Structures are given as C-alpha cells and as structure tokens.
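Novice: To start, I am sharing the structure in question, which I have written as structure tokens.
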Amino acid sequence: MFPIIRYARYTYEVTEVKSLLFLGRQPKLGLAELESLYGSDTVSLINDVVAATSLTADAIDFNRLGGSIKLADIIGTVDNTDWRKIERVLLKQVPMTADSLEEGKIQFGLSVYGNKVRLQEIQATALRLKKAIRAKTNQSVRVTPNKEQALSSAQVLHNHLTGPRGLEIILVEADGRTIVARTVVEQDIEAYAKRDQNRPKRDARVGMLPPKLAQIIVNLAVTDTNPIYGGIVLDPFCGTGVVLQEATLMGFDVYGSDIEPRMVEYTDKNLMWLLNQPNCPVSRPPEYDNDSTWRYFSLEVGDATNHTWKYSRAKTSSVYAGIACEGYLGQPFNKFPSEEKLREVMNTCNQIMKGFLKNIAGQVESGTRFCVALPAWHRPNGKFEHLKLLDSLEELGYNRVSFVHVRDEELLYYRPDQVVARELFVITRK
Ligand SMILES: C[S@@+](CC[C@H](N)C(=O)[O-])C[C@H]1O[C@@H](n2cnc3c(N)ncnc32)[C@H](O)[C@@H]1O
C-alpha cells in the first residue's frame, strides 16, 4: 500500500485530507458550493482546480454537485515531484491496486494536475503501467489516451474508468509532494444533457439555465445536506423550472411561482415529465396511486414584488429549506449595449429584484437563506456592472453570506463572450 498521509504540517486548513474534488469550468463556484454544503474547515484548495476535503468519498453526495467534475479517494503520496521517481513508485503500487479489480479487460487511465510533465511522458508512463498491470493481473489492459494532462470527465465516463474493471490514477502536485488518488465517480454529462434537452418545455427567451448551475444555486441556498426531513425549496422566478427540477432530484419539495402563466405551465409540464422518469427519486404516495392529478410540487402565477406565498404540502416543515432562483436578468445582449440602454435595463432589473426582496422579507423567518442569481453586465474592458440593490441589503433586512475560500466578487458565472453574467448572491434574512 501507499504510505498513509497526514497534512497537518502543510498549509492546508484541512488537517487530514481523505478525498479530492476536481472543480469544473468555474472552480470558485464549485468551491463555494462545497464550502456551503460541507463547511469551510472540511474543504480547501490545493491548486486552481483541485479541492482537498477531510471527508471520505462516500460521505460526499457527488451527484448533487454542479461544480465538481470528479471525486477521487486518496490512496497515498509520493514524497517527490520528480517524474522518474513518481513513476518508479507507481510501477510498484498501481498493479497491486489493479489486482483487486473484477476479472476481465482492464480500462486504465492516468491524469496529472499541477506537475509540469510533458504529455508524451505521461503517455509513456501509462504504457509502462499497462505492461506492469498486465504482468501482475494476467488481464489485458487498455489505456485511455491523454489529450491533455488530465483526462476529461467525458473520457472517464465513456471509457468506464470508474466501473468494476476501470482504474483512473490521478497525480496532484502539492507542497513538493505528489498526492496519488483513484477516481471514484465522475460527472455524468449524459444525464445532465438528457434532463436539459429532453424536458418537454424549453424557452430560449427566458434563458437556458444549465442544470449544473441550477444545482450550485440550490446548494448555496440550502444549508441542510440531507433533505429527508422535508423542507421546501422556493423559486419565485421559476421560468421553465430548471432550479426546481434540480432541487427535486436532491430530494426537496419544491414550490415555484412566476409572473407569466405560460412559464408556470412550462414548469408544471417539465416537473411532471421529471416525475415520470424512471430514476426520479420522488414516488407517488400509495394513497394517490390512482390519482393522476397528484403533484409533489406546488406552482402558482405571481408577481414576486407583491405575491403572497403559501406552503403547499402538509408534511413539510414550516420553514423553507432555502430560496433558490435565477431572477429577472433583463433582455439578452449579443454585444455591449449603449450606456443609456444599459441604465434602462439595469433600473428595471433592480426594481424587480429589490421589490422581490422587500416583499418576501416579511414572509420568511429570520435565518432563511437565499441564493439569487442576479444579472451583472460584462464590459468590454473586463469590468462588471452590478445591480444597485447590492448596496442596500441591510436596509432591506438581509445579511450577505460570505465564504472563507471564495470572495463575493468571484461568484460570477459567465462565458468570456457573454455580456450578461449571472452573479450568485447569497443572503440570509436578518
Ligand atoms: C431568467 S428567467 C428564469 C429562468 C428559469 N431559471 C428557468 O429555469 O427557466 C426569469 C423569470 O422571471 C420571470 N419574471 C420576471 N419578472 C417577474 C416578476 N416581477 N415576478 C415573478 N417573475 C418574474 C420571467 O417570466 C422569467 O420566467
């Protein structure tokens, strides 16, 4: 076995690292999500895209994470960052790990994070490991070729590297050492694509919230990682229902409203579709077996600036598990608008979102947590224009939630060519 490692003498705040999470395209969002769910002292950043946690892999509910692409169990460390020396240790240890796999052709992959080793060297090592694994196990071995230093989650998925005959070894350079880990699970990009593209109602006009971002929004809004005890996730700007769909899959009861009746109807159709998917965690209670009108969710038409929300299911507790929404983002822009147009759109968005926060403040208990995606406009010079309401939170009755590992201004989701970014804004009712 690899030596057991303790990180207490290193700079990580996490004293004993057990598993690693590999963060997605916007790593800071993924890190904030982990901090929100598991606490700031269980998670820390090793490098730009790798987070260390003191949780074992089985304590992490990976499928609900929108910001992490792989989860790996740490199996040891090599006290070196020199590739030749690392390879020597791997050639001894990896065949033994492979020996515990199910019988049959072995799928093997090697990923590297942080070490500056060249791609050809990674591939050469992977081939030497292939030989060594074959010699030890007597099974044929296929190596997934590296297009980059690290295999993508799609490669891990399509090559079954986390299956019963699969093995992805990951090397992460940290503090002059190399952490050796084995991937346990990867992001199921096919499942995301299915629930994004197969749902019956989509609307490009209200924007297409990616399910991964919807998961992050819900995870930043709720503090309870285990929704067994009920609790409703409320989305007062539900649109086509992506946030509610993801909250449902996490096991929450969901409640949505939107000013447009057509949107409420779309959410209704989409949630009913989800409910009828074979892997949907929500099952119809037996007493409703023959009742086709049964809904596990509640929806209504309402203007968030003056609507009164109610609870919908008797079994739910009296507090919201969280309020999670992508608010009104204003009109989409292909290129940066004129200053006049920008002011006009910003004012409208500000009025609606401020009106919503004012209205709902009197309807929720103290401590209720929100994650609201607000628009922020990305100027060609790289700067962002933010909504004014961010300056009057105290007055509106809220406290901003700050993260230990991520700064407020890093909670931005956008693609470089996008004018309207989404700013994730986490607050609690005072
Ligand atoms: C950016 S979209 C949300 C899209 C949604 N996340 C989805 O999954 O499709 C914003 C939504 O806010 C709604 N909206 C705009 N003004 C509103 C208001 N005053 N009250 C409630 N909903 C409003 C729009 O109809 C639109 O559906």
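Here's how to read the names in the structure tokens: chain A, B, ... by the order shown, residue numbers from 1 in each chain, ligand numbers from 1 in the order shown.
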Let me have all residues with an atom within 9 Å of ligand 1, counting only C-alpha atoms and all ligand atoms, laid out as an MDAnalysis selection string.
Specialist: chainID A and resid 202:211 214 235:245 257:264 266:267 301:307 325:330 349 351:353 355:356 373:375
Novice: Name the residues in contact with Tyr320 (chain A) at a cut-off of 9 Å, using only C-alpha atoms, excluding same-chain residues fewer than 5 positions from it; report them as a short mmCIF file (atom, residue, chain, number, x, y, z; two decimals) with C-alpha atoms, in the first residue's frame.
Specialist:
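Listing of selection-v8.cif after writing:
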```cif
data_model
loop_
_atom_site.label_atom_id
_atom_site.label_comp_id
_atom_site.auth_asym_id
_atom_site.auth_seq_id
_atom_site.Cartn_x
_atom_site.Cartn_y
_atom_site.Cartn_z
CA VAL A 222 -29.81 25.33 1.40
CA GLY A 231 -38.27 21.46 3.63
CA ILE A 232 -39.28 23.34 0.58
CA VAL A 233 -37.10 24.98 -1.99
CA LEU A 234 -38.93 28.02 -3.30
CA VAL A 364 -39.92 34.32 5.81
CA GLU A 365 -38.41 33.56 9.16
CA THR A 368 -33.91 31.88 5.91
CA ARG A 369 -31.19 31.57 3.32
#
```
Novice: Please identify which residues in region 57-216 of chain A DSSP calls alpha helix (DSSP H) from the backbone, and express them as a compact mmCIF listing (two decimals) with N, CA, C and O atoms, in the first residue's frame.
Specialist:
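Final output, saved to out-v9.txt:
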```txt
# COMPACT_ATOMS: atom_id res chain seq x y z
N TRP A 83 9.35 13.24 -11.97
CA TRP A 83 8.52 12.27 -12.69
C TRP A 83 9.10 10.86 -12.66
O TRP A 83 8.37 9.89 -12.48
N ARG A 84 10.40 10.75 -12.83
CA ARG A 84 11.01 9.40 -12.85
C ARG A 84 10.76 8.68 -11.51
O ARG A 84 10.44 7.50 -11.46
N LYS A 85 10.92 9.47 -10.42
CA LYS A 85 10.75 8.86 -9.09
C LYS A 85 9.28 8.51 -8.85
O LYS A 85 8.97 7.47 -8.28
N ILE A 86 8.41 9.39 -9.31
CA ILE A 86 6.97 9.10 -9.16
C ILE A 86 6.64 7.81 -9.92
O ILE A 86 5.98 6.91 -9.42
N GLU A 87 7.16 7.73 -11.14
CA GLU A 87 6.87 6.56 -11.98
C GLU A 87 7.33 5.27 -11.29
O GLU A 87 6.62 4.26 -11.31
N ARG A 88 8.51 5.33 -10.67
CA ARG A 88 9.03 4.14 -10.00
C ARG A 88 8.05 3.64 -8.92
O ARG A 88 7.77 2.45 -8.82
N VAL A 89 7.52 4.59 -8.14
CA VAL A 89 6.55 4.20 -7.09
C VAL A 89 5.28 3.65 -7.73
O VAL A 89 4.75 2.60 -7.31
N LEU A 90 4.83 4.32 -8.79
CA LEU A 90 3.58 3.86 -9.43
C LEU A 90 3.73 2.45 -9.98
O LEU A 90 2.82 1.62 -9.86
N LEU A 91 4.90 2.17 -10.57
CA LEU A 91 5.09 0.85 -11.17
C LEU A 91 5.02 -0.26 -10.12
O LEU A 91 4.61 -1.38 -10.41
N LYS A 92 5.37 0.09 -8.88
CA LYS A 92 5.28 -0.90 -7.80
C LYS A 92 3.85 -1.03 -7.29
O LYS A 92 3.36 -2.12 -7.02
N GLN A 93 3.19 0.13 -7.11
CA GLN A 93 1.92 0.14 -6.38
C GLN A 93 0.66 -0.06 -7.25
O GLN A 93 -0.26 -0.74 -6.84
N VAL A 94 0.65 0.56 -8.44
CA VAL A 94 -0.59 0.54 -9.23
C VAL A 94 -1.01 -0.89 -9.63
O VAL A 94 -2.20 -1.23 -9.56
N PRO A 95 -0.07 -1.77 -10.04
CA PRO A 95 -0.50 -3.13 -10.39
C PRO A 95 -1.22 -3.82 -9.23
O PRO A 95 -2.16 -4.59 -9.44
N MET A 96 -0.79 -3.52 -7.99
CA MET A 96 -1.46 -4.15 -6.83
C MET A 96 -2.89 -3.64 -6.70
O MET A 96 -3.81 -4.39 -6.41
N THR A 97 -3.06 -2.32 -6.92
CA THR A 97 -4.43 -1.75 -6.88
C THR A 97 -5.27 -2.39 -7.98
O THR A 97 -6.42 -2.77 -7.77
N ALA A 98 -4.67 -2.56 -9.17
CA ALA A 98 -5.41 -3.13 -10.31
C ALA A 98 -5.79 -4.59 -10.06
O ALA A 98 -6.78 -5.08 -10.59
N LEU A 119 3.17 15.80 -22.01
CA LEU A 119 2.14 14.82 -22.35
C LEU A 119 2.74 13.47 -22.78
O LEU A 119 2.28 12.41 -22.37
N GLN A 120 3.83 13.54 -23.60
CA GLN A 120 4.44 12.29 -24.08
C GLN A 120 4.96 11.45 -22.91
O GLN A 120 4.90 10.22 -22.95
N GLU A 121 5.45 12.13 -21.89
CA GLU A 121 5.98 11.37 -20.74
C GLU A 121 4.84 10.70 -19.97
O GLU A 121 4.98 9.59 -19.49
N ILE A 122 3.73 11.42 -19.87
CA ILE A 122 2.56 10.82 -19.18
C ILE A 122 2.14 9.57 -19.95
O ILE A 122 1.89 8.51 -19.37
N GLN A 123 2.11 9.72 -21.28
CA GLN A 123 1.66 8.58 -22.07
C GLN A 123 2.64 7.41 -21.99
O GLN A 123 2.23 6.25 -21.91
N ALA A 124 3.92 7.74 -21.98
CA ALA A 124 4.92 6.67 -21.88
C ALA A 124 4.77 5.95 -20.54
O ALA A 124 4.82 4.71 -20.46
N THR A 125 4.57 6.71 -19.48
CA THR A 125 4.39 6.09 -18.16
C THR A 125 3.13 5.23 -18.15
O THR A 125 3.12 4.11 -17.61
N ALA A 126 2.05 5.76 -18.76
CA ALA A 126 0.80 4.99 -18.79
C ALA A 126 1.02 3.65 -19.49
O ALA A 126 0.51 2.61 -19.06
N LEU A 127 1.83 3.65 -20.55
CA LEU A 127 2.09 2.40 -21.27
C LEU A 127 2.95 1.43 -20.43
O LEU A 127 2.72 0.22 -20.44
N ARG A 128 3.90 2.00 -19.70
CA ARG A 128 4.71 1.12 -18.81
C ARG A 128 3.81 0.54 -17.71
O ARG A 128 3.93 -0.63 -17.34
N LEU A 129 2.92 1.35 -17.22
CA LEU A 129 1.99 0.86 -16.19
C LEU A 129 1.08 -0.22 -16.77
O LEU A 129 0.76 -1.21 -16.11
N LYS A 130 0.68 -0.03 -18.02
CA LYS A 130 -0.18 -1.03 -18.69
C LYS A 130 0.51 -2.39 -18.66
O LYS A 130 -0.09 -3.41 -18.28
N LYS A 131 1.79 -2.39 -19.06
CA LYS A 131 2.57 -3.65 -19.07
C LYS A 131 2.62 -4.26 -17.68
O LYS A 131 2.43 -5.47 -17.49
N ALA A 132 2.94 -3.41 -16.69
CA ALA A 132 3.09 -3.89 -15.31
C ALA A 132 1.76 -4.44 -14.79
O ALA A 132 1.73 -5.46 -14.09
N ILE A 133 0.66 -3.78 -15.15
CA ILE A 133 -0.66 -4.26 -14.69
C ILE A 133 -0.97 -5.61 -15.34
O ILE A 133 -1.44 -6.55 -14.71
N ARG A 134 -0.64 -5.71 -16.64
CA ARG A 134 -0.91 -6.96 -17.36
C ARG A 134 -0.10 -8.11 -16.73
O ARG A 134 -0.60 -9.20 -16.52
N ALA A 135 1.16 -7.81 -16.41
CA ALA A 135 2.02 -8.85 -15.83
C ALA A 135 1.48 -9.31 -14.47
O ALA A 135 1.48 -10.49 -14.15
N LYS A 136 0.96 -8.36 -13.69
CA LYS A 136 0.50 -8.71 -12.34
C LYS A 136 -0.86 -9.42 -12.37
O LYS A 136 -1.10 -10.36 -11.61
N THR A 137 -1.76 -8.94 -13.26
CA THR A 137 -3.15 -9.42 -13.18
C THR A 137 -3.47 -10.52 -14.21
O THR A 137 -4.52 -11.14 -14.11
N SER A 153 -13.89 14.46 -17.77
CA SER A 153 -14.89 13.57 -17.16
C SER A 153 -15.60 12.76 -18.24
O SER A 153 -16.00 11.62 -18.00
N ALA A 154 -15.68 13.31 -19.47
CA ALA A 154 -16.31 12.55 -20.57
C ALA A 154 -15.46 11.32 -20.90
O ALA A 154 -15.99 10.22 -21.10
N GLN A 155 -14.13 11.49 -20.92
CA GLN A 155 -13.26 10.33 -21.20
C GLN A 155 -13.38 9.28 -20.09
O GLN A 155 -13.42 8.08 -20.36
N VAL A 156 -13.44 9.77 -18.85
CA VAL A 156 -13.56 8.83 -17.72
C VAL A 156 -14.87 8.05 -17.85
O VAL A 156 -14.92 6.83 -17.69
N LEU A 157 -15.92 8.77 -18.20
CA LEU A 157 -17.25 8.14 -18.32
C LEU A 157 -17.28 7.14 -19.48
O LEU A 157 -17.63 5.98 -19.31
N HIS A 158 -16.86 7.61 -20.67
CA HIS A 158 -17.00 6.77 -21.86
C HIS A 158 -16.06 5.57 -21.85
O HIS A 158 -16.32 4.56 -22.48
N ILE A 189 -22.16 13.56 -17.55
CA ILE A 189 -22.56 14.58 -18.51
C ILE A 189 -23.75 14.15 -19.35
O ILE A 189 -24.54 14.97 -19.79
N GLU A 190 -23.90 12.84 -19.53
CA GLU A 190 -25.04 12.38 -20.34
C GLU A 190 -26.35 12.61 -19.61
O GLU A 190 -27.35 13.00 -20.20
N ALA A 191 -26.34 12.37 -18.30
CA ALA A 191 -27.56 12.58 -17.53
C ALA A 191 -27.95 14.07 -17.53
O ALA A 191 -29.13 14.42 -17.65
N TYR A 192 -26.94 14.94 -17.43
CA TYR A 192 -27.23 16.39 -17.48
C TYR A 192 -27.84 16.76 -18.83
O TYR A 192 -28.81 17.51 -18.90
N ALA A 193 -27.22 16.24 -19.90
CA ALA A 193 -27.70 16.60 -21.24
C ALA A 193 -29.14 16.13 -21.41
O ALA A 193 -29.98 16.84 -21.95
N LYS A 194 -29.44 14.93 -20.91
CA LYS A 194 -30.78 14.38 -21.05
C LYS A 194 -31.79 15.27 -20.35
O LYS A 194 -32.83 15.63 -20.91
N ARG A 195 -31.51 15.63 -19.08
CA ARG A 195 -32.55 16.39 -18.40
C ARG A 195 -32.61 17.83 -18.88
O ARG A 195 -33.62 18.49 -18.73
N ASP A 196 -31.56 18.28 -19.54
CA ASP A 196 -31.61 19.62 -20.12
C ASP A 196 -32.36 19.60 -21.45
O ASP A 196 -33.24 20.43 -21.70
N GLN A 197 -32.01 18.64 -22.30
CA GLN A 197 -32.55 18.67 -23.66
C GLN A 197 -33.85 17.89 -23.85
O GLN A 197 -34.63 18.20 -24.75
N PRO A 211 -28.34 22.98 -15.99
CA PRO A 211 -28.67 22.24 -14.76
C PRO A 211 -27.55 22.28 -13.72
O PRO A 211 -27.81 22.33 -12.53
N LYS A 212 -26.28 22.29 -14.18
CA LYS A 212 -25.17 22.32 -13.21
C LYS A 212 -25.19 23.61 -12.40
O LYS A 212 -24.95 23.61 -11.21
N LEU A 213 -25.49 24.72 -13.09
CA LEU A 213 -25.55 25.99 -12.37
C LEU A 213 -26.76 26.02 -11.44
O LEU A 213 -26.70 26.55 -10.32
N ALA A 214 -27.86 25.41 -11.90
CA ALA A 214 -29.05 25.34 -11.03
C ALA A 214 -28.71 24.55 -9.76
O ALA A 214 -29.12 24.93 -8.66
N GLN A 215 -27.93 23.48 -9.90
CA GLN A 215 -27.53 22.71 -8.71
C GLN A 215 -26.73 23.59 -7.76
O GLN A 215 -26.93 23.56 -6.55
N ILE A 216 -25.79 24.35 -8.32
CA ILE A 216 -24.96 25.22 -7.47
C ILE A 216 -25.86 26.23 -6.75
O ILE A 216 -25.71 26.47 -5.54
```
Novice: Based on DSSP run over this structure's backbone, return all residues of region 45-263 of chain A in strand (DSSP E), as number ranges by chain.
Specialist: A: 45-47, 50-53, 68-78, 106-113, 141-143, 166-174, 177-186, 232-235, 253-258
Novice: Please build the interface table for region 47-120 of chain A against region 178-186 of chain A with a cut-off of 12 Å, listing for each qualifying residue the nearest atom pair and the distance in Å to one decimal; count only C-alpha atoms, order rows by chain and increasing number, and write it as a Markdown table.
Specialist:
```
| residue | atom | partner | partner_atom | distance |
| --- | --- | --- | --- | --- |
| A:Val50 | CA | A:Ile179 | CA | 11.3 |
| A:Ala52 | CA | A:Ile179 | CA | 10.5 |
| A:Thr56 | CA | A:Val184 | CA | 10.9 |
| A:Ala57 | CA | A:Val184 | CA | 7.5 |
| A:Asp58 | CA | A:Val184 | CA | 9.1 |
| A:Ile60 | CA | A:Val185 | CA | 10.6 |
| A:Asp61 | CA | A:Val185 | CA | 10.6 |
| A:Phe62 | CA | A:Val185 | CA | 7.7 |
| A:Asn63 | CA | A:Glu186 | CA | 8.8 |
| A:Arg64 | CA | A:Glu186 | CA | 11.9 |
| A:Leu65 | CA | A:Glu186 | CA | 10.7 |
| A:Gly66 | CA | A:Glu186 | CA | 11.5 |
| A:Gly67 | CA | A:Glu186 | CA | 11.6 |
| A:Ser68 | CA | A:Glu186 | CA | 8.5 |
| A:Ile69 | CA | A:Glu186 | CA | 5.7 |
| A:Lys70 | CA | A:Glu186 | CA | 4.3 |
| A:Leu71 | CA | A:Val185 | CA | 5.5 |
| A:Ala72 | CA | A:Thr183 | CA | 4.0 |
| A:Asp73 | CA | A:Arg182 | CA | 5.3 |
| A:Ile74 | CA | A:Ala181 | CA | 4.1 |
| A:Ile75 | CA | A:Ala181 | CA | 5.1 |
| A:Gly76 | CA | A:Val180 | CA | 5.2 |
| A:Thr77 | CA | A:Ile179 | CA | 4.4 |
| A:Val78 | CA | A:Thr178 | CA | 5.1 |
| A:Asp79 | CA | A:Thr178 | CA | 6.5 |
| A:Asn80 | CA | A:Thr178 | CA | 6.1 |
| A:Thr81 | CA | A:Thr178 | CA | 5.8 |
| A:Asp82 | CA | A:Thr178 | CA | 9.1 |
| A:Trp83 | CA | A:Thr178 | CA | 9.7 |
| A:Lys85 | CA | A:Thr178 | CA | 10.5 |
| A:Ile86 | CA | A:Thr178 | CA | 7.8 |
| A:Glu87 | CA | A:Thr178 | CA | 11.1 |
| A:Val89 | CA | A:Val180 | CA | 10.2 |
| A:Leu90 | CA | A:Val180 | CA | 8.9 |
| A:Gln93 | CA | A:Val180 | CA | 10.4 |
| A:Val94 | CA | A:Val180 | CA | 10.0 |
| A:Thr97 | CA | A:Arg182 | CA | 9.5 |
| A:Ala98 | CA | A:Arg182 | CA | 10.8 |
| A:Phe108 | CA | A:Arg182 | CA | 10.9 |
| A:Gly109 | CA | A:Thr183 | CA | 9.9 |
| A:Leu110 | CA | A:Arg182 | CA | 9.6 |
| A:Ser111 | CA | A:Ala181 | CA | 9.7 |
| A:Val112 | CA | A:Val180 | CA | 9.6 |
| A:Tyr113 | CA | A:Thr178 | CA | 9.5 |
| A:Gly114 | CA | A:Thr178 | CA | 9.2 |
| A:Asn115 | CA | A:Thr178 | CA | 8.5 |
```
Novice: Can you pull out every residue within 7 Å of region 383-399 of chain A, counting only C-alpha atoms, but drop anything in the same chain fewer than 2 positions away, and send it as a list in words?
Specialist: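 My reading of the contact set: Met346, Asn350, Lys354, Leu357, Lys358, Ala361, Ala376, Trp377, His378, Arg379, Asn381, Val401, Ile427, Thr428, Arg429 and Lys430 of chain A.
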Novice: Quick one: distance from CA of Trp273 (chain A) to CA of Trp309 (chain A) in Å, one decimal?
Specialist: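 Interatomic distance, CA of Trp273 (chain A) to CA of Trp309 (chain A): 24.4 Å.
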Novice: Separation of CA of Lys18 (chain A) and CA of Leu55 (chain A), in Å?
Specialist: 5.8 Å
